[in-house]
Structure formats: structure tokens, C-alpha cells
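Text of upload-v3.cif (mmCIF, C-alpha atoms) as supplied:
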data_model
loop_
_atom_site.label_atom_id
_atom_site.label_comp_id
_atom_site.auth_asym_id
_atom_site.auth_seq_id
_atom_site.Cartn_x
_atom_site.Cartn_y
_atom_site.Cartn_z
CA MET A 19 -1.97 -135.63 138.42
CA SER A 20 -4.26 -132.62 138.27
CA ASP A 21 -7.05 -132.16 135.77
CA PHE A 22 -5.02 -129.45 134.03
CA MET A 23 -2.05 -131.77 133.63
CA ARG A 24 -4.18 -134.64 132.33
CA HIS A 25 -5.53 -132.39 129.59
CA ALA A 26 -2.07 -131.04 128.80
CA VAL A 27 -0.67 -134.59 128.48
CA ARG A 28 -3.55 -135.62 126.26
CA ARG A 29 -2.77 -132.67 124.01
CA GLU A 30 0.86 -133.79 123.79
CA THR A 31 0.08 -137.42 122.99
CA HIS A 32 -2.58 -136.76 120.35
CA SER A 33 -2.30 -134.82 117.12
CA ALA A 34 -4.06 -131.47 116.74
CA ARG A 35 -4.78 -131.84 113.00
CA SER A 36 -4.06 -128.14 112.59
CA GLY A 37 -2.22 -128.71 109.29
CA LEU A 38 -5.13 -130.39 107.54
CA SER A 39 -7.56 -127.91 109.13
CA THR A 40 -5.61 -125.01 107.63
CA VAL A 41 -5.56 -126.71 104.22
CA ALA A 42 -9.32 -127.32 104.37
CA ALA A 43 -9.99 -123.76 105.52
CA ILE A 44 -7.91 -122.29 102.68
CA ALA A 45 -9.65 -124.50 100.10
CA ILE A 46 -13.10 -123.55 101.39
CA THR A 47 -12.08 -119.86 101.44
CA LEU A 48 -11.00 -119.99 97.79
CA VAL A 49 -14.31 -121.60 96.74
CA ALA A 50 -16.26 -119.07 98.83
CA VAL A 51 -14.36 -116.11 97.34
CA TYR A 52 -15.23 -117.35 93.84
CA GLY A 53 -18.87 -117.81 94.90
CA LEU A 54 -18.85 -114.31 96.37
CA LEU A 55 -17.54 -112.85 93.09
CA GLU A 56 -20.17 -114.57 90.94
CA ALA A 57 -22.99 -113.74 93.38
CA MET A 58 -22.00 -110.04 93.42
CA LEU A 59 -21.78 -109.94 89.61
CA ALA A 60 -25.26 -111.51 89.41
CA ALA A 61 -26.60 -109.08 92.05
CA LEU A 62 -25.28 -106.08 90.09
CA GLY A 63 -26.56 -107.39 86.75
CA GLU A 64 -23.05 -107.68 85.26
CA PRO A 65 -22.08 -110.52 82.92
CA PRO A 66 -20.62 -113.52 84.80
CA TRP A 67 -16.86 -114.14 84.97
CA LEU A 68 -16.99 -117.90 84.28
CA LEU A 69 -20.47 -119.14 85.08
CA SER A 70 -23.49 -117.35 86.50
CA PRO A 71 -24.91 -118.89 89.71
CA ILE A 72 -28.18 -119.95 88.12
CA SER A 73 -26.54 -121.64 85.14
CA GLY A 74 -24.12 -123.35 87.50
CA MET A 75 -27.02 -124.78 89.44
CA ALA A 76 -28.74 -125.78 86.20
CA TRP A 77 -25.55 -127.62 85.17
CA VAL A 78 -25.51 -129.54 88.46
CA ALA A 79 -29.22 -130.33 88.09
CA ALA A 80 -28.66 -131.70 84.56
CA LEU A 81 -25.89 -134.13 85.62
CA PRO A 82 -24.75 -136.49 84.18
CA GLY A 83 -25.75 -134.35 81.15
CA GLY A 84 -23.63 -135.07 78.12
CA HIS A 85 -20.47 -135.96 80.02
CA ALA A 86 -18.76 -139.31 79.76
CA PRO A 87 -20.07 -141.53 82.60
CA VAL A 88 -16.57 -143.02 83.15
CA LEU A 89 -15.07 -139.57 83.76
CA LEU A 90 -17.88 -138.60 86.15
CA GLY A 91 -17.55 -141.94 87.96
CA VAL A 92 -13.79 -141.47 88.42
CA ILE A 93 -14.29 -137.92 89.72
CA GLY A 94 -16.97 -139.20 92.09
CA VAL A 95 -14.74 -141.97 93.45
CA LEU A 96 -11.88 -139.49 93.92
CA LEU A 97 -14.15 -137.06 95.79
CA ALA A 98 -15.38 -139.90 98.00
CA LEU A 99 -11.80 -140.97 98.77
CA VAL A 100 -10.75 -137.43 99.73
CA GLY A 101 -13.88 -137.26 101.88
CA LEU A 102 -12.91 -140.53 103.58
CA VAL A 103 -9.44 -139.15 104.36
CA PHE A 104 -10.97 -136.04 105.96
CA LEU A 105 -13.53 -138.11 107.85
CA GLY A 106 -10.80 -140.42 109.14
CA GLN A 107 -8.69 -137.46 110.29
CA GLY A 108 -11.71 -136.05 112.09
CA LEU A 109 -12.95 -139.22 113.77
CA LEU A 110 -9.87 -141.37 114.50
CA PRO A 111 -7.94 -140.64 117.72
CA ARG A 112 -4.64 -139.91 115.88
CA ARG A 113 -2.22 -140.92 118.65
CA ARG A 114 1.30 -139.60 118.32
CA ALA A 115 4.30 -141.89 118.86
CA ARG A 116 4.89 -140.77 122.44
CA HIS A 117 4.81 -142.30 125.90
CA VAL A 118 4.09 -140.75 129.29
CA ILE A 119 6.34 -141.02 132.37
CA ALA A 120 4.22 -140.77 135.51
CA HIS A 121 5.40 -138.10 137.94
CA PRO A 122 3.45 -136.19 140.62
CA ARG A 123 4.99 -132.74 139.99
CA VAL A 124 5.88 -132.55 136.29
CA ALA A 125 3.97 -134.04 133.37
CA ILE A 126 6.55 -135.89 131.26
CA VAL A 127 6.07 -136.97 127.65
CA VAL A 128 8.79 -138.84 125.74
CA GLU A 129 8.94 -139.42 122.02
CA ASP A 130 9.24 -143.09 121.08
CA GLU A 131 12.42 -142.37 119.14
CA VAL A 132 14.20 -141.25 122.31
CA ILE A 133 13.07 -144.40 124.12
CA ALA A 134 14.21 -146.54 121.19
CA SER A 135 17.69 -145.01 121.09
CA ALA A 136 18.14 -145.44 124.87
CA LEU A 137 16.99 -149.07 124.68
CA ALA A 138 19.22 -149.69 121.67
CA LYS A 139 22.17 -148.46 123.69
CA SER A 140 21.52 -150.85 126.57
CA ALA A 141 20.86 -153.75 124.16
CA ARG A 142 24.14 -152.95 122.41
CA MET A 143 26.03 -152.91 125.72
CA ALA A 144 24.49 -156.23 126.79
CA ALA A 145 25.19 -157.94 123.46
CA GLY A 146 28.59 -156.41 122.84
CA VAL A 147 27.82 -155.46 119.24
CA THR A 148 28.15 -152.22 117.29
CA ARG A 149 25.49 -149.56 116.70
CA GLU A 150 24.67 -150.75 113.20
CA GLN A 151 23.75 -154.25 114.36
CA VAL A 152 20.88 -153.19 116.61
CA VAL A 153 17.47 -151.96 115.48
CA VAL A 154 14.82 -151.14 118.08
CA VAL A 155 11.21 -150.43 117.15
CA VAL A 156 8.99 -148.89 119.84
CA SER A 157 5.23 -148.92 119.42
CA ALA A 158 2.49 -148.13 121.91
CA ARG A 159 2.44 -151.57 123.59
CA GLN A 160 5.51 -153.36 122.30
CA VAL A 161 9.25 -152.93 122.02
CA GLN A 162 10.93 -155.03 119.36
CA VAL A 163 14.72 -155.44 119.56
CA ASN A 164 16.33 -156.84 116.39
CA ILE A 165 19.99 -157.83 116.65
CA ARG A 166 22.34 -159.17 113.99
CA PRO A 167 25.13 -160.91 115.93
CA THR A 168 28.77 -160.84 114.87
CA SER A 169 29.56 -164.04 113.02
CA GLY A 170 31.18 -166.62 115.28
CA ILE A 171 30.32 -164.93 118.58
CA ARG A 172 27.43 -166.39 120.50
CA ILE A 173 25.20 -163.90 122.31
CA SER A 174 22.48 -164.69 124.79
CA GLU A 175 18.95 -163.56 124.08
CA GLY A 176 18.03 -163.74 127.79
CA ASP A 177 20.75 -161.29 128.87
CA ILE A 178 19.72 -158.75 126.24
CA LYS A 179 16.08 -159.09 127.17
CA ALA A 180 16.89 -158.62 130.87
CA ALA A 181 19.00 -155.52 130.13
CA VAL A 182 16.31 -153.93 127.95
CA GLU A 183 13.55 -154.79 130.43
CA GLY A 184 15.60 -153.33 133.29
CA GLN A 185 16.09 -150.08 131.38
CA LEU A 186 12.40 -150.01 130.44
CA GLU A 187 11.39 -150.55 134.07
CA ALA A 188 13.61 -147.67 135.15
CA MET A 189 11.79 -145.44 132.65
CA ALA A 190 8.40 -146.30 134.26
CA LEU A 191 6.45 -145.66 131.06
CA GLU A 192 2.69 -145.50 130.88
CA PRO A 193 1.46 -147.81 129.34
CA ALA A 194 4.39 -150.18 129.90
CA PRO A 195 5.30 -151.96 126.66
CA SER A 196 6.39 -155.59 126.51
CA VAL A 197 9.81 -156.58 125.13
CA ALA A 198 10.51 -159.00 122.29
CA VAL A 199 14.11 -159.77 121.28
CA ARG A 200 14.88 -161.29 117.89
CA LEU A 201 18.31 -162.49 116.89
CA ALA A 202 18.91 -162.68 113.16
CA ASP A 203 19.77 -166.13 111.78
CA SER A 204 22.76 -164.84 109.85
CA GLY A 205 25.66 -162.97 111.39
CA VAL A 206 27.74 -160.11 110.06
CA ILE A 207 31.48 -160.21 109.47
CA GLY A 208 34.10 -157.51 109.38
CA VAL A 209 32.81 -155.22 112.11
CA MET B 17 -0.57 -127.40 125.49
CA ASN B 18 -1.73 -124.48 123.33
CA GLY B 19 -5.14 -123.09 122.53
CA THR B 20 -5.72 -124.88 119.22
CA PRO B 21 -9.47 -125.60 119.07
CA ARG B 22 -9.09 -129.37 118.70
CA ALA B 23 -12.75 -130.30 119.09
CA LEU B 24 -13.68 -127.73 116.44
CA ASN B 25 -10.95 -129.04 114.13
CA ARG B 26 -12.26 -132.58 114.45
CA PHE B 27 -15.87 -131.51 113.96
CA LEU B 28 -15.21 -129.33 110.90
CA LEU B 29 -12.87 -131.89 109.30
CA SER B 30 -15.49 -134.62 109.82
CA LEU B 31 -18.17 -132.36 108.36
CA VAL B 32 -16.06 -131.53 105.29
CA GLY B 33 -15.22 -135.22 104.91
CA LEU B 34 -18.83 -136.29 105.17
CA LEU B 35 -19.98 -133.73 102.59
CA LEU B 36 -17.23 -134.71 100.14
CA LEU B 37 -17.99 -138.39 100.67
CA LEU B 38 -21.72 -137.90 100.02
CA ALA B 39 -21.02 -135.74 96.94
CA GLY B 40 -18.59 -138.33 95.60
CA ILE B 41 -20.96 -141.25 96.17
CA GLY B 42 -23.82 -139.26 94.63
CA LEU B 43 -21.80 -138.40 91.54
CA THR B 44 -20.71 -142.02 91.10
CA VAL B 45 -24.28 -143.26 91.42
CA LEU B 46 -25.49 -140.64 88.89
CA ALA B 47 -22.83 -141.75 86.44
CA ALA B 48 -23.46 -145.47 86.94
CA VAL B 49 -27.26 -145.82 87.28
CA PRO B 50 -29.37 -144.17 84.52
CA ALA B 51 -32.60 -144.51 86.52
CA ALA B 52 -31.10 -142.58 89.44
CA ALA B 53 -29.83 -139.93 87.02
CA ARG B 54 -33.34 -139.46 85.58
CA ARG B 55 -34.87 -139.10 89.06
CA TRP B 56 -32.15 -136.58 90.03
CA GLN B 57 -32.73 -134.54 86.85
CA ASP B 58 -36.49 -134.47 87.50
CA TYR B 59 -36.07 -133.45 91.13
CA ALA B 60 -33.23 -130.93 90.77
CA GLY B 61 -34.61 -129.52 87.49
CA ALA B 62 -37.86 -128.65 89.27
CA GLN B 63 -35.93 -126.90 92.05
CA VAL B 64 -33.92 -124.83 89.55
CA ALA B 65 -37.08 -123.91 87.63
CA TRP B 66 -38.67 -122.73 90.89
CA LEU B 67 -35.57 -120.69 91.70
CA ARG B 68 -35.65 -119.07 88.25
CA SER B 69 -39.29 -118.04 88.68
CA TYR B 70 -38.60 -116.78 92.21
CA GLU B 71 -35.66 -114.76 90.90
CA ASP B 72 -38.01 -113.12 88.36
CA ARG B 73 -40.55 -112.31 91.06
CA SER B 74 -38.05 -110.92 93.59
CA ARG B 75 -36.27 -108.29 91.51
CA LEU B 76 -35.28 -105.16 93.44
CA LEU B 77 -36.26 -101.71 92.14
CA VAL B 78 -32.73 -100.31 92.43
CA THR B 79 -30.69 -102.84 90.47
CA SER B 80 -33.56 -104.73 88.76
CA GLU B 81 -31.84 -107.95 89.91
CA SER B 82 -33.07 -110.40 92.53
CA TRP B 83 -32.12 -109.96 96.19
CA ILE B 84 -31.26 -113.66 96.48
CA TRP B 85 -27.84 -112.98 94.90
CA LEU B 86 -27.15 -110.35 97.54
CA ALA B 87 -28.10 -112.92 100.19
CA ALA B 88 -25.82 -115.49 98.54
CA ALA B 89 -22.96 -112.95 98.51
CA ALA B 90 -23.52 -112.22 102.21
CA PHE B 91 -23.46 -115.96 102.93
CA PHE B 92 -20.16 -116.46 101.07
CA LEU B 93 -18.67 -113.44 102.86
CA LEU B 94 -19.67 -114.99 106.20
CA VAL B 95 -18.03 -118.28 105.16
CA VAL B 96 -14.79 -116.45 104.27
CA VAL B 97 -14.74 -114.63 107.62
CA LEU B 98 -15.41 -117.88 109.54
CA MET B 99 -12.66 -119.76 107.67
CA ILE B 100 -10.11 -117.00 108.33
CA SER B 101 -10.96 -116.97 112.04
CA TRP B 102 -10.65 -120.79 112.06
CA ILE B 103 -7.11 -120.52 110.66
CA ALA B 104 -6.23 -117.70 113.06
CA ASN B 105 -7.19 -119.87 116.04
CA GLN B 106 -4.64 -122.61 115.27
CA GLY B 107 -1.73 -122.69 117.69
CA LYS B 108 -2.64 -119.58 119.67
CA GLY B 109 -2.33 -119.26 123.43
CA ARG B 110 1.22 -118.02 124.12
CA ALA B 111 1.28 -116.36 127.54
CA SER B 112 3.36 -113.42 128.68
CA THR B 113 2.54 -113.06 132.38
CA LEU B 114 3.23 -115.99 134.67
CA VAL B 115 1.94 -114.57 137.96
CA ASP B 116 -0.20 -111.54 138.66
CA TYR B 117 -0.57 -111.21 142.42
CA GLN B 118 -2.46 -108.34 143.94
CA GLY B 119 -1.29 -107.67 147.51
CA ASN B 120 -3.90 -106.57 150.01
CA ALA B 121 -4.00 -105.25 153.55
CA ASP B 122 -5.41 -108.47 155.10
CA ASP B 123 -2.81 -110.74 153.61
CA ASP B 124 0.63 -109.26 154.06
CA GLY B 125 -0.13 -105.72 155.07
CA ALA B 126 1.20 -104.21 151.90
CA ASP B 127 -0.62 -102.61 149.03
CA GLY B 128 0.77 -103.26 145.60
CA ALA B 129 1.08 -105.91 142.95
CA VAL B 130 3.60 -108.54 141.94
CA LYS B 131 3.85 -109.40 138.29
CA LEU B 132 6.22 -112.07 137.01
CA SER B 133 6.91 -112.30 133.32
CA CYS B 134 6.99 -115.77 131.77
CA ALA B 135 10.51 -115.01 130.59
CA VAL B 136 11.73 -115.40 134.20
CA ALA B 137 10.86 -119.08 134.39
CA GLU B 138 11.65 -119.76 130.72
CA ASN B 139 15.15 -118.31 130.86
CA ALA B 140 15.95 -119.85 134.24
CA LEU B 141 15.17 -123.35 132.97
CA LYS B 142 16.74 -122.82 129.57
CA ASN B 143 20.04 -121.52 130.91
CA ALA B 144 20.29 -124.26 133.51
CA LEU B 145 19.75 -126.97 130.89
CA LEU B 146 21.94 -125.55 128.13
CA GLU B 147 25.05 -126.04 130.28
CA ARG B 148 24.78 -129.79 129.90
CA THR B 149 26.65 -131.67 127.20
CA ASP B 150 24.17 -134.52 126.79
CA ILE B 151 21.43 -132.13 125.67
CA PHE B 152 21.44 -130.46 122.28
CA GLY B 153 18.66 -128.00 122.52
CA VAL B 154 16.08 -126.67 124.95
CA SER B 155 13.04 -124.55 124.35
CA ALA B 156 10.76 -123.27 127.09
CA THR B 157 7.48 -121.54 126.30
CA SER B 158 4.48 -120.56 128.39
CA TYR B 159 0.91 -121.10 127.37
CA ASP B 160 -2.46 -120.00 128.67
CA PHE B 161 -4.41 -123.21 128.73
CA ARG B 162 -7.71 -123.85 130.55
CA LYS B 163 -7.49 -120.56 132.46
CA GLU B 164 -4.08 -121.41 133.92
CA THR B 165 -0.59 -120.53 132.80
CA GLY B 166 1.66 -123.51 132.25
CA LEU B 167 5.26 -123.91 131.20
CA LYS B 168 6.18 -126.29 128.40
CA VAL B 169 9.82 -127.37 128.31
CA ARG B 170 11.03 -129.21 125.25
CA VAL B 171 14.38 -130.99 125.57
CA PHE B 172 16.38 -132.63 122.80
CA PRO B 173 18.90 -135.08 124.28
CA ARG B 174 21.68 -136.80 122.37
CA GLN B 175 21.06 -140.29 120.98
CA GLY B 176 21.16 -143.06 123.55
CA ILE B 177 20.61 -140.84 126.61
CA ALA B 178 18.11 -142.46 128.97
CA PRO B 179 15.05 -140.19 129.11
CA GLN B 180 14.43 -140.88 132.81
CA HIS B 181 17.80 -139.33 133.74
CA VAL B 182 17.00 -136.18 131.77
CA ALA B 183 13.56 -136.13 133.36
CA GLU B 184 14.98 -136.46 136.88
CA ASP B 185 17.33 -133.53 136.33
CA VAL B 186 14.61 -131.34 134.89
CA VAL B 187 12.34 -132.20 137.82
CA GLU B 188 15.11 -131.11 140.20
CA LEU B 189 15.40 -127.80 138.33
CA VAL B 190 11.64 -127.33 138.43
CA GLU B 191 11.64 -127.91 142.18
CA ALA B 192 14.39 -125.31 142.54
CA LEU B 193 12.27 -122.95 140.42
CA ASP B 194 9.31 -123.56 142.74
CA GLY B 195 11.45 -122.38 145.64
CA LEU B 196 12.66 -119.38 143.67
CA LEU B 197 9.22 -118.20 142.59
CA GLY B 198 7.30 -119.21 145.69
CA ILE B 199 4.52 -120.79 143.61
CA GLU B 200 4.09 -124.06 141.77
CA VAL B 201 3.71 -123.43 138.05
CA PRO B 202 2.34 -126.40 136.08
CA VAL B 203 5.20 -127.78 133.98
CA LEU B 204 5.03 -130.10 131.01
CA LEU B 205 8.28 -131.71 129.95
CA SER B 206 8.51 -133.06 126.42
CA ILE B 207 11.60 -135.07 125.51
CA GLY B 208 12.07 -135.41 121.79
CA THR B 209 14.45 -135.84 118.89
CA GLY B 210 15.39 -133.08 116.54
CA ALA B 211 17.24 -133.33 113.25
CA ARG B 212 20.50 -132.54 115.06
CA SER B 213 20.27 -135.38 117.55
CA ARG B 214 19.34 -137.77 114.74
CA PHE B 215 22.31 -137.08 112.48
CA THR B 216 25.11 -136.87 115.02
CA LYS B 217 27.02 -139.64 116.74
CA ALA B 218 26.01 -140.96 120.10
CA GLU B 219 27.97 -139.74 123.08
CA ARG B 220 30.48 -142.46 123.94
CA VAL B 221 32.44 -141.01 126.82
CA ARG B 222 31.07 -138.90 129.62
#
Go ahead and express the file in the form of C-alpha cells.
Amino acid sequence: MSDFMRHAVRRETHSARSGLSTVAAIAITLVAVYGLLEAMLAALGEPPWLLSPISGMAWVAALPGGHAPVLLGVIGVLLALVGLVFLGQGLLPRRRARHVIAHPRVAIVVEDEVIASALAKSARMAAGVTREQVVVVVSARQVQVNIRPTSGIRISEGDIKAAVEGQLEAMALEPAPSVAVRLADSGVIGV
Amino acid sequence: MNGTPRALNRFLLSLVGLLLLLAGIGLTVLAAVPAAARRWQDYAGAQVAWLRSYEDRSRLLVTSESWIWLAAAAFFLLVVVLMISWIANQGKGRASTLVDYQGNADDDGADGAVKLSCAVAENALKNALLERTDIFGVSATSYDFRKETGLKVRVFPRQGIAPQHVAEDVVELVEALDGLLGIEVPVLLSIGTGARSRFTKAERVR
């Protein structure tokens, strides 16, 4: 795979954070527009709209001032939490739920939901149950197949596992997840 | 595969997060520890007093106000411009020209240029894929990314369709497109689920 393709695939499998970036940019713009207004009013010698810059700074310098410490503490904790969310968005890798299929010509990225529905179909065929009795969860390194058998009909865990693993092998995903099959203890009736 | 400035996004989000975190921790400490509050008031009060005296000393003749407010206004204006350009850079990078080949006398003996619009490749792939019944929707878009033009094909198959079969067919189409265009365009295939494939029944008979 070429360098170009590797970068393109990385872009597809990791989130761009453009939503939160836009939100942050709009919030900062609003604050800056207000700051611009008050700074211009102060520069022209007009009375301030809400708070002149120097008295704003004096208010910050006098904190906690006469305010209730509990209120200030709560606001501080909230600010710190929002900051942590932003910091986490900026520093964590933010993988998307997608897998890569290796191919020399075309870079292929598949959403985990598509993989899950294909695996659910082959598990359903192998077990001979209906759609509603199979739940497949695909994560980066593991595929979990949950089946509720029909009451009174024995199904073999090994067959289902082999069918799902065969399908998964045909997909040639990168990284290849492992398969775990779980049969529910109770069966369903009337399907 | 678009031109969203991801490194910048991460850096600016981390910076905003760090500043908010520090401000929040500082405010909590001020509210909780009286000794820290006294030290802060001493320190910051002195700074504000200095700023007040500097403001008095730096009044301009024209407006009889200090120039520092003009400087502050210029700073805020710069921040606004930077934030707007940050927003404008999200998701850009759509391309319109796939190939721009300048013929020359040494190469093929003909003067002239060949220009292929991205719509050629996009429509060829889209029309070929929309004929199929196991695929709900197709979108093909071209992006300028890292000084190359690449094609991104997004395919929405029905529930239960094995992605490798869809991928094989798209690869075949791409190879046919290579032959048609005479060049190999980088192609990224993204197989996903849309709302339509989620809420409709799986295909039972083919």
C-alpha cells in the first residue's frame, strides 16, 4: 500500500473531531467579539456595555470576592470537567468503529456494523434460527455472537463458530478479530 | 480523505481543554483555600494597579484614552479572523480535475493538453454500482489530498451482504476504470450502513 493510501486509510479509521472544533471555534469567536466590543468602547472613551475591561480584570483579581465559595467551587469543577473533555478529544486517538480489508489496488474500509450484519447472517444460517435470535457485536479485536436457541432444538456451538470464523477469514480483516460464541441458557418459543 | 486540518484540530482542542482545566482548578482552589485566595488577590491586585497606572500614562492625544485598548481590540479581531479561518478549513479539499496532462513533442509528438474532470470517474463508478440490487446507495467524490487526487467511493449495501463480495466487485470496476482512463487513480472504498439499510429487511432471495 502506498504512503498516500496509508494516510487516506488512517483518515477513514480515525475521527476528525471537526464537530467539536467548530463548536469551540464558535464559542471562542463569540467571546472575542464581546471582548472586541468592550475594548473598542474603552478605546473611544464611551461608557461600557456590560463591564469595562479594567473593571472586569479587577473583578477577576478580587476573586473569590464576596461570592459564595460553594458556587465558585461548583463553577470551577464544571470548567475543569469541560476542559477534561476537550483535552481528551484532543489527545486520545478516537478510533472509529471500522476495519480495513487489505488489498494492493484499492484501500478498503468497512464499518463494523456491516461486518456484524454479514456475520449474523452466516451465524443464523448455521444455527437455523431467525433474525431476532442472533445478536453480533463487533469490536476492534473481538467478535461476540450471542444466540438464543429455539426451545427444544439443540444447536451446536462449534458449527456456528466454524461458520462465523470461515466468513471472517474470507473477509481478511486487519486486524483480524477473534470469535466468541455464547448460547443463551434459556430458549425462545413461538418463533 | 479530505483536507480537514486534523493535527491543528487536535492541537487547538487540547490547548482549549488545558486552559479550561487550569482555569477550573484555579477557581476551585480559590474558593476552597482562603490562604491561596489571599495570595492571588495580592498578586493579581498589584498587576491590575500597575495596568491602571500604565493606562493613565499612555493616553493618546486624539482620544485621550490609552492605546492599550486599541491593541486589545486588534488582538480580539485577530482571534475572530483566526477562528473563522479554522472553521472554514474543516472538510475542504473537494477536487474537480482528475488528470491534467500536458502533451509535448518528445513524448507523443503532439502539442496539446488532456484534462479529465473528476465527474468522469465518479459517474462511471456510480452508474455501474447503482444497477445492483444488493446495494442501496453509492456516492463517489474526489478529493485533493497530499498533492494527489484520489477517489472516495462510499457504498451502502443491504443488511447481511458480505462486504468482501461488494469489495471484489468494486475492485473489478476500478480495474476496468484504470483501463478506460489509462492511469491508476488512487481509490478508497468505504463500505457503510445508512439509515435506509438499517431499517429495511435483509435480502432473502437473490
### Query
the PyMOL selection byres ((chain B and resi 43-59) around 7) on the file shown: which residues, as number ranges by chain?
A: 79-82, 87, 90-91, 94-95; B: 39-42, 60-63
Quick one: residues within 12 Å of Gly33 in chain B, only C-alpha atoms counted, chain neighbours fewer than 2 positions away excluded, as a short mmCIF file (atom, residue, chain, number, x, y, z; two decimals) with C-alpha atoms, in the frame of the given file?
data_model
loop_
_atom_site.label_atom_id
_atom_site.label_comp_id
_atom_site.auth_asym_id
_atom_site.auth_seq_id
_atom_site.Cartn_x
_atom_site.Cartn_y
_atom_site.Cartn_z
CA LEU A 38 -5.13 -130.39 107.54
CA SER A 39 -7.56 -127.91 109.13
CA ALA A 42 -9.32 -127.32 104.37
CA LEU A 97 -14.15 -137.06 95.79
CA ALA A 98 -15.38 -139.90 98.00
CA LEU A 99 -11.80 -140.97 98.77
CA VAL A 100 -10.75 -137.43 99.73
CA GLY A 101 -13.88 -137.26 101.88
CA LEU A 102 -12.91 -140.53 103.58
CA VAL A 103 -9.44 -139.15 104.36
CA PHE A 104 -10.97 -136.04 105.96
CA LEU A 105 -13.53 -138.11 107.85
CA GLY A 106 -10.80 -140.42 109.14
CA GLN A 107 -8.69 -137.46 110.29
CA GLY A 108 -11.71 -136.05 112.09
CA LEU A 109 -12.95 -139.22 113.77
CA ASN B 25 -10.95 -129.04 114.13
CA ARG B 26 -12.26 -132.58 114.45
CA PHE B 27 -15.87 -131.51 113.96
CA LEU B 28 -15.21 -129.33 110.90
CA LEU B 29 -12.87 -131.89 109.30
CA SER B 30 -15.49 -134.62 109.82
CA LEU B 31 -18.17 -132.36 108.36
CA LEU B 35 -19.98 -133.73 102.59
CA LEU B 36 -17.23 -134.71 100.14
CA LEU B 37 -17.99 -138.39 100.67
CA LEU B 38 -21.72 -137.90 100.02
CA ALA B 39 -21.02 -135.74 96.94
CA GLY B 40 -18.59 -138.33 95.60
#
### Query
What residues come out when you apply the PyMOL selection byres ((chain A and resi 136) around 9) to this file, written as an NGL selection string?
(:A and (131-135 or 137-141 or 185)) or (:B and (175-179))
### Query
Out of B:Gly153, B:Pro21, B:Gly208, B:Gly109, which residue has the shortest atom-to-atom distance to chain A when counting all atoms listed in the file?
B:Gly208
### Task
Between CA of Glu164 in chain B and CA of Glu184 in chain B, measure the distance and give it in Å to one decimal.
24.5 Å
### Task
Specify as a list in words each residue included when the PyMOL selection byres ((chain A and resi 152) around 7) is applied to this file.
Ala138, Arg142, Arg149, Glu150, Gln151, Val153, Val154, Asn164, Ile165 and Arg166 of chain A
Selection to disk with C-alpha atoms, as a compact mmCIF listing (two decimals), in the frame of the given file:
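Saved as selection-v3.txt:
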# COMPACT_ATOMS: atom_id res chain seq x y z
CA ALA A 138 19.22 -149.69 121.67
CA ARG A 142 24.14 -152.95 122.41
CA ARG A 149 25.49 -149.56 116.70
CA GLU A 150 24.67 -150.75 113.20
CA GLN A 151 23.75 -154.25 114.36
CA VAL A 153 17.47 -151.96 115.48
CA VAL A 154 14.82 -151.14 118.08
CA ASN A 164 16.33 -156.84 116.39
CA ILE A 165 19.99 -157.83 116.65
CA ARG A 166 22.34 -159.17 113.99
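Rounded to one decimal, CA of Phe91 in chain B and CA of Val49 in chain A lie 12.4 Å from each other.
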### Message
Would you pick out the contacts of Asp130 in chain A at 10 Å or less, using only C-alpha atoms, so that residues sharing its chain but fewer than 2 positions from it are not included, and give the list as a ChimeraX atom specification?
### Response
/A:114-118,127-128,132-136,155-158,161 /B:207-209
Show which residues sit within 12 Å of Gly198 in chain B, as an mmCIF file with C-alpha atoms, in the frame of the given file. Count all atoms listed in the file, and ignore same-chain residues fewer than 6 positions away.
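What landed in part.cif:
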data_model
loop_
_atom_site.group_PDB
_atom_site.id
_atom_site.type_symbol
_atom_site.label_atom_id
_atom_site.label_comp_id
_atom_site.auth_asym_id
_atom_site.auth_seq_id
_atom_site.Cartn_x
_atom_site.Cartn_y
_atom_site.Cartn_z
ATOM 1 C CA VAL B 115 1.940 -114.570 137.960
ATOM 2 C CA TYR B 117 -0.570 -111.210 142.420
ATOM 3 C CA VAL B 130 3.600 -108.540 141.940
ATOM 4 C CA LEU B 132 6.220 -112.070 137.010
ATOM 5 C CA ALA B 137 10.860 -119.080 134.390
ATOM 6 C CA VAL B 190 11.640 -127.330 138.430
ATOM 7 C CA GLU B 191 11.640 -127.910 142.180
ATOM 8 C CA ALA B 192 14.390 -125.310 142.540
#
### Task
Find the residues around Ala198 in chain A up to 8 Å (all atoms listed in the file counted), leave out those fewer than 3 positions away in its own chain, and share them as number ranges by chain.
A: 160-163, 179
